[in-house]
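Undergrad: Structure file work_4.csv, CSV, C-alpha atoms, is pasted below:
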```csv
chain,number,residue,atom,x,y,z
A,1,MET,CA,0.0,0.0,0.0
A,2,THR,CA,1.0,3.6,-0.4
A,3,HIS,CA,1.0,5.7,2.8
A,4,HIS,CA,-0.5,9.2,2.7
A,5,LEU,CA,1.3,11.6,5.0
A,6,THR,CA,0.9,15.2,5.8
A,7,ARG,CA,4.0,17.3,5.6
A,8,ASP,CA,3.9,17.6,9.4
A,9,GLU,CA,3.9,13.8,9.7
A,10,ALA,CA,6.8,13.5,7.2
A,11,ARG,CA,8.9,16.1,9.1
A,12,GLN,CA,8.3,14.4,12.4
A,13,ILE,CA,9.3,11.0,10.9
A,14,ALA,CA,12.5,12.6,9.6
A,15,VAL,CA,13.4,14.3,12.9
A,16,ARG,CA,12.6,11.3,15.1
A,17,ALA,CA,14.7,9.0,12.8
A,18,GLN,CA,17.6,11.4,13.1
A,19,LEU,CA,17.4,11.1,16.9
A,20,LEU,CA,16.6,14.8,17.2
A,21,ASP,CA,13.3,14.5,19.1
A,22,ALA,CA,12.9,14.8,22.9
A,23,ASN,CA,13.9,11.1,23.4
A,24,ARG,CA,17.6,11.5,23.4
A,25,PRO,CA,19.9,8.5,22.9
A,26,GLU,CA,22.2,7.7,25.8
A,27,HIS,CA,25.5,6.6,24.2
A,28,LEU,CA,27.7,7.6,21.3
A,29,LEU,CA,27.5,4.1,19.8
A,30,ASP,CA,23.7,4.3,19.8
A,31,VAL,CA,24.0,7.6,17.9
A,32,VAL,CA,26.3,6.2,15.2
A,33,ARG,CA,24.2,3.0,14.9
A,34,GLY,CA,21.0,5.1,14.5
A,35,LEU,CA,22.5,7.6,12.0
A,36,THR,CA,24.7,4.9,10.3
A,37,LEU,CA,27.6,7.5,10.2
A,38,LEU,CA,29.3,10.5,11.5
A,39,GLN,CA,30.8,12.6,8.7
A,40,LEU,CA,34.3,13.9,9.4
A,41,ASP,CA,35.0,17.4,8.4
A,42,PRO,CA,37.9,19.4,9.8
A,43,THR,CA,36.2,22.8,9.8
A,44,SER,CA,36.0,23.9,13.4
A,45,ALA,CA,34.5,27.4,13.3
A,46,VAL,CA,32.3,26.2,16.2
A,47,ALA,CA,33.5,22.6,16.5
A,48,PRO,CA,34.2,19.8,14.1
A,49,SER,CA,31.0,18.5,12.5
A,50,ALA,CA,31.2,15.0,13.9
A,51,HIS,CA,31.3,16.4,17.4
A,52,LEU,CA,28.5,18.9,16.8
A,53,VAL,CA,26.3,16.1,15.4
A,54,ALA,CA,27.0,13.9,18.5
A,55,TRP,CA,26.5,16.8,20.9
A,56,SER,CA,23.1,17.8,19.3
A,57,ARG,CA,21.9,14.2,20.0
A,58,LEU,CA,23.6,13.4,23.3
A,59,GLY,CA,23.8,16.9,24.9
A,60,PRO,CA,26.5,18.3,27.2
A,61,GLY,CA,27.5,14.8,28.5
A,62,TYR,CA,29.2,14.0,25.2
A,63,SER,CA,33.0,14.4,25.1
A,64,PRO,CA,35.0,14.4,21.9
A,65,ALA,CA,37.3,12.0,23.7
A,66,ASP,CA,34.4,9.5,23.5
A,67,LEU,CA,34.7,9.3,19.7
A,68,GLU,CA,38.5,9.0,19.8
A,69,GLU,CA,38.3,6.2,22.4
A,70,ALA,CA,35.6,4.3,20.4
A,71,VAL,CA,37.7,4.4,17.2
A,72,ASP,CA,40.8,3.3,19.2
A,73,GLN,CA,38.8,0.4,20.6
A,74,ARG,CA,37.4,-0.4,17.1
A,75,SER,CA,33.7,-0.3,18.1
A,76,LEU,CA,33.6,2.5,15.6
A,77,VAL,CA,35.6,2.5,12.4
A,78,GLU,CA,36.6,5.3,10.0
A,79,LEU,CA,35.9,4.6,6.4
A,80,ARG,CA,36.3,7.1,3.6
A,81,GLY,CA,35.7,10.2,5.8
A,82,MET,CA,32.8,8.6,7.7
A,83,VAL,CA,32.8,7.0,11.1
A,84,ARG,CA,30.6,3.9,11.2
A,85,ALA,CA,29.7,1.2,13.6
A,86,ALA,CA,32.1,-1.8,13.3
A,87,GLU,CA,29.3,-4.2,12.7
A,88,ASP,CA,28.2,-2.3,9.6
A,89,ILE,CA,31.6,-2.5,7.9
A,90,PRO,CA,31.0,-5.9,6.3
A,91,LEU,CA,28.2,-4.2,4.3
A,92,TYR,CA,30.9,-2.0,2.7
A,93,ARG,CA,33.5,-4.8,2.4
A,94,ALA,CA,31.1,-6.5,0.0
A,95,GLU,CA,31.6,-3.5,-2.4
A,96,MET,CA,35.4,-3.6,-1.8
A,97,ALA,CA,35.5,-7.3,-2.8
A,98,ASP,CA,34.0,-6.3,-6.1
A,99,TRP,CA,36.5,-3.5,-6.8
A,100,PRO,CA,36.7,-1.9,-9.3
A,101,GLY,CA,33.4,-3.2,-10.5
A,102,PRO,CA,32.0,-3.1,-14.1
A,103,PRO,CA,34.3,-1.7,-16.8
A,104,GLY,CA,34.6,2.0,-17.4
A,105,GLY,CA,34.3,5.0,-15.2
A,106,TRP,CA,36.5,6.6,-12.6
A,107,ARG,CA,37.0,3.4,-10.6
A,108,HIS,CA,38.8,1.7,-13.5
A,109,HIS,CA,40.9,4.8,-14.1
A,110,ARG,CA,42.1,4.5,-10.5
A,111,ALA,CA,42.6,0.7,-10.8
A,112,THR,CA,44.7,1.2,-13.9
A,113,TRP,CA,46.9,3.7,-12.1
A,114,VAL,CA,47.4,1.3,-9.2
A,115,GLN,CA,48.3,-1.5,-11.6
A,116,ALA,CA,50.9,0.7,-13.2
A,117,ASN,CA,52.4,1.2,-9.8
A,118,ASP,CA,51.9,-2.2,-8.4
A,119,GLU,CA,55.4,-2.2,-6.9
A,120,CYS,CA,54.5,0.8,-4.8
A,121,ARG,CA,51.3,-0.9,-3.7
A,122,ARG,CA,53.3,-4.0,-2.6
A,123,ASP,CA,55.9,-1.9,-0.8
A,124,ILE,CA,53.2,-0.1,1.2
A,125,LEU,CA,51.4,-3.3,2.1
A,126,ALA,CA,54.7,-4.9,3.2
A,127,ARG,CA,55.6,-1.9,5.3
A,128,LEU,CA,52.2,-1.8,7.0
A,129,ASP,CA,52.4,-5.6,7.6
A,130,GLY,CA,55.7,-5.2,9.3
A,131,ASP,CA,55.4,-1.9,11.1
A,132,GLY,CA,51.8,-0.7,11.0
A,133,PRO,CA,49.9,1.3,11.9
A,134,LEU,CA,51.8,4.2,10.3
A,135,LEU,CA,51.2,7.8,9.1
A,136,SER,CA,51.2,8.3,5.4
A,137,ARG,CA,54.5,10.2,5.5
A,138,ASP,CA,56.2,7.1,6.9
A,139,LEU,CA,55.2,5.0,3.9
A,140,PRO,CA,57.4,4.7,0.7
A,141,ASP,CA,56.6,6.5,-2.5
A,142,THR,CA,58.0,4.1,-5.2
A,143,CYS,CA,55.5,5.0,-7.9
A,144,THR,CA,56.9,5.1,-11.4
A,145,VAL,CA,53.7,6.8,-12.8
A,146,PRO,CA,52.8,9.9,-10.7
A,147,TRP,CA,49.2,10.7,-9.9
A,148,LYS,CA,48.1,13.5,-12.2
A,149,SER,CA,45.4,16.0,-11.1
A,150,SER,CA,44.6,19.6,-11.7
A,151,GLY,CA,43.8,19.9,-7.9
A,152,TRP,CA,45.7,19.5,-4.6
A,153,THR,CA,46.1,15.8,-5.1
A,154,ASN,CA,48.6,16.2,-8.0
A,155,ASN,CA,51.7,14.0,-7.4
A,156,ARG,CA,50.4,13.0,-3.9
A,157,ASN,CA,51.1,9.4,-4.8
A,158,VAL,CA,51.1,7.8,-1.4
A,159,THR,CA,47.9,9.6,-0.3
A,160,GLN,CA,46.1,8.6,-3.5
A,161,MET,CA,47.4,5.0,-3.3
A,162,LEU,CA,46.1,4.7,0.2
A,163,GLU,CA,42.7,6.1,-0.7
A,164,ILE,CA,42.3,3.6,-3.6
A,165,LEU,CA,43.5,0.7,-1.4
A,166,VAL,CA,40.8,1.6,1.1
A,167,GLN,CA,38.2,1.3,-1.7
A,168,ALA,CA,39.8,-2.1,-2.7
A,169,GLY,CA,39.6,-3.3,0.9
A,170,GLU,CA,43.4,-3.7,1.4
A,171,VAL,CA,44.1,-0.9,3.9
A,172,ALA,CA,42.1,0.9,6.5
A,173,VAL,CA,42.3,3.8,8.9
A,174,ALA,CA,43.4,2.4,12.2
A,175,GLY,CA,43.0,5.6,14.2
A,176,ARG,CA,44.5,9.1,14.3
A,177,HIS,CA,47.6,10.7,15.7
A,178,GLY,CA,47.4,14.4,16.2
A,179,GLY,CA,44.6,14.6,13.7
A,180,GLU,CA,46.5,12.6,11.0
A,181,ARG,CA,45.2,9.3,9.9
A,182,LEU,CA,47.1,6.1,10.9
A,183,TRP,CA,47.0,3.4,8.3
A,184,ASP,CA,47.1,-0.4,8.7
A,185,LEU,CA,46.1,-3.6,6.8
A,186,ALA,CA,42.4,-3.8,6.5
A,187,ASP,CA,42.3,-7.3,8.0
A,188,ARG,CA,43.7,-6.0,11.2
A,189,VAL,CA,41.2,-3.2,11.5
A,190,TYR,CA,37.9,-4.5,10.2
A,191,PRO,CA,35.9,-7.1,12.1
A,192,GLY,CA,36.4,-10.6,10.9
A,193,THR,CA,32.8,-11.4,10.3
A,194,ALA,CA,31.1,-12.8,7.2
A,195,VAL,CA,30.7,-10.5,4.2
A,196,PRO,CA,27.4,-10.7,2.4
A,197,ASP,CA,27.2,-10.8,-1.4
A,198,ALA,CA,27.1,-7.4,-3.1
A,199,ALA,CA,23.3,-7.4,-3.8
A,200,ALA,CA,22.4,-8.4,-0.3
A,201,ALA,CA,24.8,-5.8,1.2
A,202,LYS,CA,23.3,-3.0,-1.0
A,203,ARG,CA,19.8,-3.9,0.2
A,204,GLN,CA,20.9,-3.8,3.8
A,205,ARG,CA,22.7,-0.5,3.3
A,206,ASP,CA,19.5,1.0,1.7
A,207,GLU,CA,17.4,-0.3,4.6
A,208,ARG,CA,19.8,1.1,7.2
A,209,ARG,CA,19.9,4.4,5.4
A,210,LEU,CA,16.1,4.7,5.3
A,211,ALA,CA,15.9,3.8,9.0
A,212,SER,CA,18.3,6.7,9.7
A,213,LEU,CA,16.4,9.1,7.5
A,214,GLY,CA,12.9,8.0,8.2
A,215,ILE,CA,11.6,9.1,4.8
A,216,ALA,CA,13.6,9.6,1.6
A,217,ARG,CA,13.4,9.4,-2.2
A,218,GLY,CA,13.9,6.0,-3.8
A,219,ARG,CA,16.1,7.8,-6.3
A,220,ALA,CA,18.1,11.0,-5.9
A,221,ALA,CA,21.0,12.9,-7.3
A,222,GLU,CA,24.3,11.0,-6.9
A,223,CYS,CA,26.3,11.9,-3.8
A,224,PRO,CA,29.9,10.8,-3.2
A,225,VAL,CA,30.5,8.1,-0.6
A,226,GLU,CA,27.0,8.0,1.0
A,227,PRO,CA,24.0,8.0,-1.3
A,228,GLN,CA,20.9,10.2,-0.5
A,229,ASP,CA,18.4,7.7,-1.9
A,230,VAL,CA,17.2,4.3,-0.6
A,231,GLY,CA,16.2,2.3,-3.6
A,232,GLU,CA,13.3,-0.1,-2.8
A,233,ALA,CA,13.7,0.0,0.9
A,234,GLY,CA,10.7,0.6,3.1
A,235,GLU,CA,7.2,1.3,1.7
A,236,PRO,CA,5.9,3.9,-0.8
A,237,ALA,CA,4.5,7.1,0.5
A,238,VAL,CA,3.1,10.4,-0.8
A,239,ILE,CA,3.3,13.6,1.1
A,240,GLU,CA,0.6,16.2,0.9
A,241,GLY,CA,1.8,19.2,-1.1
A,242,VAL,CA,5.0,17.5,-2.3
A,243,LYS,CA,5.4,16.0,-5.7
A,244,GLY,CA,6.4,12.4,-6.4
A,245,VAL,CA,6.6,9.2,-4.4
A,246,TRP,CA,8.8,8.7,-1.4
A,247,ARG,CA,9.9,5.7,0.6
A,248,VAL,CA,9.1,5.6,4.3
A,249,ASP,CA,10.3,3.4,7.1
A,250,PRO,CA,7.2,1.6,8.3
A,251,ALA,CA,8.6,1.4,11.8
A,252,GLN,CA,8.2,5.2,12.1
A,253,LEU,CA,4.5,5.3,11.2
A,254,GLY,CA,1.9,6.1,13.8
A,255,ARG,CA,4.3,7.0,16.6
A,256,PRO,CA,3.9,9.9,18.9
A,257,PHE,CA,6.2,12.9,18.5
A,258,GLU,CA,7.7,15.2,21.1
A,259,GLY,CA,10.2,17.7,19.8
A,260,ARG,CA,12.9,19.9,21.3
A,261,VAL,CA,15.3,22.7,20.2
A,262,ALA,CA,18.6,21.7,18.6
A,263,LEU,CA,21.4,23.5,16.9
A,264,LEU,CA,22.6,21.6,13.9
A,265,SER,CA,25.9,21.2,12.1
A,266,PRO,CA,25.7,22.4,8.5
A,267,PHE,CA,26.6,18.8,7.6
A,268,ASP,CA,23.9,17.3,9.7
A,269,ARG,CA,22.0,14.6,7.8
A,270,LEU,CA,18.7,16.3,8.5
A,271,VAL,CA,19.8,19.2,6.3
A,272,PHE,CA,22.6,17.6,4.2
A,273,ASP,CA,20.3,16.8,1.3
A,274,ARG,CA,19.2,20.4,0.6
A,275,LYS,CA,16.5,19.3,-1.9
A,276,ARG,CA,14.9,17.0,0.6
A,277,MET,CA,15.3,19.7,3.3
A,278,ALA,CA,13.5,22.3,1.1
A,279,GLU,CA,10.7,19.8,0.2
A,280,LEU,CA,10.0,18.7,3.7
A,281,PHE,CA,10.8,21.8,5.8
A,282,GLY,CA,10.5,24.7,3.3
A,283,PHE,CA,13.9,25.9,4.7
A,284,ASP,CA,16.3,28.1,2.7
A,285,TYR,CA,19.9,27.4,3.7
A,286,GLN,CA,23.3,27.1,2.2
A,287,LEU,CA,26.8,26.6,3.8
A,288,GLU,CA,28.4,30.0,2.9
A,289,MET,CA,32.0,29.4,4.1
A,290,TYR,CA,33.2,29.3,0.5
A,291,LYS,CA,31.4,32.5,-0.5
A,292,PRO,CA,33.0,36.0,-0.4
A,293,VAL,CA,32.0,37.8,2.9
A,294,ALA,CA,29.9,40.4,1.0
A,295,LYS,CA,27.7,37.7,-0.6
A,296,ARG,CA,26.9,35.8,2.6
A,297,ARG,CA,23.4,36.0,3.9
A,298,TRP,CA,23.7,34.0,7.1
A,299,GLY,CA,27.4,33.7,8.0
A,300,TYR,CA,30.5,31.7,7.5
A,301,TYR,CA,29.3,28.6,9.4
A,302,ALA,CA,25.7,29.3,10.3
A,303,LEU,CA,24.0,26.6,12.4
A,304,PRO,CA,20.4,25.6,11.4
A,305,ILE,CA,18.0,25.8,14.3
A,306,LEU,CA,15.5,23.0,14.8
A,307,ALA,CA,12.5,23.6,17.0
A,308,GLY,CA,10.2,20.6,17.2
A,309,ASP,CA,9.6,19.5,13.6
A,310,ARG,CA,10.5,22.8,12.0
A,311,LEU,CA,13.7,24.5,10.9
A,312,VAL,CA,13.1,28.0,12.2
A,313,GLY,CA,16.4,29.9,11.7
A,314,LYS,CA,20.2,30.0,11.6
A,315,VAL,CA,22.8,31.1,14.2
A,316,ASP,CA,25.9,32.8,12.9
A,317,ALA,CA,28.3,31.8,15.7
A,318,VAL,CA,32.0,31.2,16.1
A,319,ALA,CA,34.1,29.7,18.9
A,320,ASP,CA,36.6,32.5,19.8
A,321,ARG,CA,39.0,30.2,21.6
A,322,ALA,CA,41.7,32.9,22.0
A,323,SER,CA,39.2,35.0,24.0
A,324,GLY,CA,37.4,32.0,25.5
A,325,VAL,CA,34.0,33.2,24.3
A,326,LEU,CA,31.3,31.8,22.0
A,327,ARG,CA,30.5,34.8,19.8
A,328,VAL,CA,27.1,35.0,18.2
A,329,HIS,CA,27.2,37.5,15.4
A,330,ALA,CA,23.6,37.1,14.3
A,331,LEU,CA,20.4,35.1,14.9
A,332,HIS,CA,18.5,34.8,11.7
A,333,GLU,CA,14.8,34.0,12.4
A,334,ASP,CA,12.8,32.3,9.6
A,335,ALA,CA,9.8,31.4,11.6
A,336,GLU,CA,8.2,32.2,15.0
A,337,HIS,CA,9.7,30.1,17.8
A,338,ASP,CA,10.6,30.0,21.5
A,339,HIS,CA,13.5,32.5,21.5
A,340,GLU,CA,14.4,31.8,25.0
A,341,ALA,CA,14.8,28.1,24.3
A,342,VAL,CA,17.2,28.9,21.5
A,343,LEU,CA,19.3,31.1,23.8
A,344,ARG,CA,19.4,28.3,26.4
A,345,GLU,CA,20.7,26.0,23.7
A,346,LEU,CA,23.4,28.5,22.8
A,347,VAL,CA,24.4,28.7,26.5
A,348,SER,CA,24.5,24.9,26.6
A,349,LEU,CA,26.7,24.9,23.4
A,350,ALA,CA,29.1,27.4,25.0
A,351,THR,CA,29.3,25.4,28.2
A,352,TRP,CA,30.0,22.2,26.3
A,353,LEU,CA,32.8,24.0,24.3
A,354,ARG,CA,34.2,25.3,27.6
A,355,LEU,CA,33.6,28.9,26.5
A,356,GLU,CA,31.8,31.8,28.0
A,357,PRO,CA,28.3,32.1,26.6
A,358,PRO,CA,27.4,35.2,24.5
A,359,GLU,CA,26.2,38.1,26.6
A,360,GLU,CA,23.8,39.3,23.9
A,361,ILE,CA,22.6,38.6,20.4
A,362,LEU,CA,24.2,41.3,18.3
A,363,SER,CA,21.5,41.4,15.7
A,364,VAL,CA,18.2,39.7,15.1
A,365,LYS,CA,16.9,39.3,11.5
```
Could you render the structure as structure tokens?
TA:
Amino acid sequence: MTHHLTRDEARQIAVRAQLLDANRPEHLLDVVRGLTLLQLDPTSAVAPSAHLVAWSRLGPGYSPADLEEAVDQRSLVELRGMVRAAEDIPLYRAEMADWPGPPGGWRHHRATWVQANDECRRDILARLDGDGPLLSRDLPDTCTVPWKSSGWTNNRNVTQMLEILVQAGEVAVAGRHGGERLWDLADRVYPGTAVPDAAAAKRQRDERRLASLGIARGRAAECPVEPQDVGEAGEPAVIEGVKGVWRVDPAQLGRPFEGRVALLSPFDRLVFDRKRMAELFGFDYQLEMYKPVAKRRWGYYALPILAGDRLVGKVDAVADRASGVLRVHALHEDAEHDHEAVLRELVSLATWLRLEPPEEILSVK
């Protein structure tokens, strides 16, 4: 059957699936299992995105050290810029086993380059086998064919070799040292559990993704590393006032909803798919850190504000660590909401960051 949802119901499903309702999870592992990932991004205008996402779910009891410890203990594993629960890794190893996949495309271009530098590949694997985990700068560059690129990766042979060997399932990130990745053989990092066949793994990944999103398109624009669509997972649904057919997680249907106020990372999965965000929430937002200052509407790293099942504004904030203050340059209001509740959340954010809270909101728009 096709489920018929109001837009309010669809938003509540999305918020609850993303663990942003009043029923907070208790542990970091619960968060990562529920979201399927924490995206790593080094920008720390307020705090690195992975930590902001965890804080917005767990509250002030979350410590960034919890994430580092979980990765060190291998209950969480870093894979291609995402932190995932260790038990989910076999679902991605299935794709690694099929590397580089059908002929043609960028995967085969990379595989051809690795083949041309197979001696370097074997040198890196041997060094990791004997001495790993190691930083990339400690690994030999014996490539005879340099990596060519018009961007920053040009001639960064070891880095590119490691990235490709991750996709091929031969090496993995074993942890971090001073923010830099430590590399080791994949078999020493990933859990030694059975790997499903590629088709079954894809179905399970789609199902896990839908459970984390609550409601999503069966097909969406291609997105690197983590898709935004869910294939045939879940059940079909239509949303009042929104075109097309969606897929909904049936476990989310008919459940009560109690919301709360949350400040979100610009990379939060609730807002990461900007098209879905606009369709469900009617929210206008872009990350403006790459725009010239004069062209920014909301700020360098504005945090979307969630109030219940609505996105109601953005906070232009920055962690001024030199002065020990969380500075709030502007609070942009898109819709009516509990202003005091937002201010309390800003105070909570400052306290968690071990900064002084803002004394006042400098401008309200």
Undergrad: Could you please determine the separation between atom CA of A:Glu333 and atom CA of A:Leu346 in Å, to one decimal place?
TA: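 Taking atom CA of A:Glu333 as the start and atom CA of A:Leu346 as the end point, the length is 14.6 Å.
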Undergrad: Find the residue from A:Ala233, A:Val46, A:Ala85, A:Val171 that sits nearest to A:Ala126; use all atoms listed in the file when measuring.
TA: A:Val171
Undergrad: Go ahead and compute the interatomic distance for atom CA of A:Leu311 and atom CA of A:Phe281, in Å to one decimal.
TA: 6.5 Å
Undergrad: If I take atom CA of A:Arg93 and atom CA of A:Asp197, how far is one from the other in Å, to one decimal?
TA: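 About the pair atom CA of A:Arg93 and atom CA of A:Asp197: they are 9.5 Å apart.
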Undergrad: When you look at stretch 283-298 of chain A with a cut-off of 12 Å (counting all atoms listed in the file), what residues show up, excluding the ones that are within fewer than 5 positions of it in the same chain? I need them as a PyMOL selection string.
TA: chain A and resi 11+43-45+265-268+270-278+303-306+309-317+328-335+363-365
Undergrad: So, with only C-alpha atoms as the atoms that count, which of A:Ala70, A:Met82, A:Ala199, A:Ala17 lies closest to A:Leu37?
TA: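 Ranking A:Ala70, A:Met82, A:Ala199, A:Ala17 by distance to A:Leu37, first place goes to A:Met82.
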Undergrad: For the contact check between stretch 142-179 of chain A and stretch 129-133 of chain A, emit one row per residue of stretch 142-179 of chain A within 10 Å, containing the shortest atom pair and the distance in Å rounded to one decimal, counting all atoms listed in the file, chain then rising number order, as a tab-separated table.
TA:
```
residue	atom	partner	partner_atom	distance
A:Ala172	CA	A:Pro133	CA	9.5
A:Val173	CA	A:Pro133	CA	8.5
A:Ala174	CA	A:Pro133	CA	6.6
A:Gly175	CA	A:Pro133	CA	8.4
A:Arg176	CA	A:Pro133	CA	9.8
```
Undergrad: Identify, on the basis of all atoms listed in the file, every residue whose closest approach to A:Arg110 does not exceed 9 Å; exclude the query and any residue fewer than 4 positions from it along the same chain; express the result as an MDAnalysis selection string.
TA: chainID A and resid 100 106 114:115 161 164
Undergrad: Near stretch 140-152 of chain A, within 10 Å and counting only C-alpha atoms, which residues show up once chain neighbours fewer than 6 positions away are dropped, as a PyMOL selection string?
TA: chain A and resi 110+113-124+127+158-161
Undergrad: Considering only C-alpha atoms, state which residue in the set A:Pro64, A:Ala94, A:Asp72, A:Val342 is at the smallest distance from A:Ala200.
TA: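 Using only C-alpha atoms, A:Ala200 sits closest to A:Ala94.
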Undergrad: Give me the residues within 12 Å of A:Ala194 as a PyMOL selection string, counting all atoms listed in the file and dropping any in the same chain fewer than 6 places off.
TA: chain A and resi 87-94+201
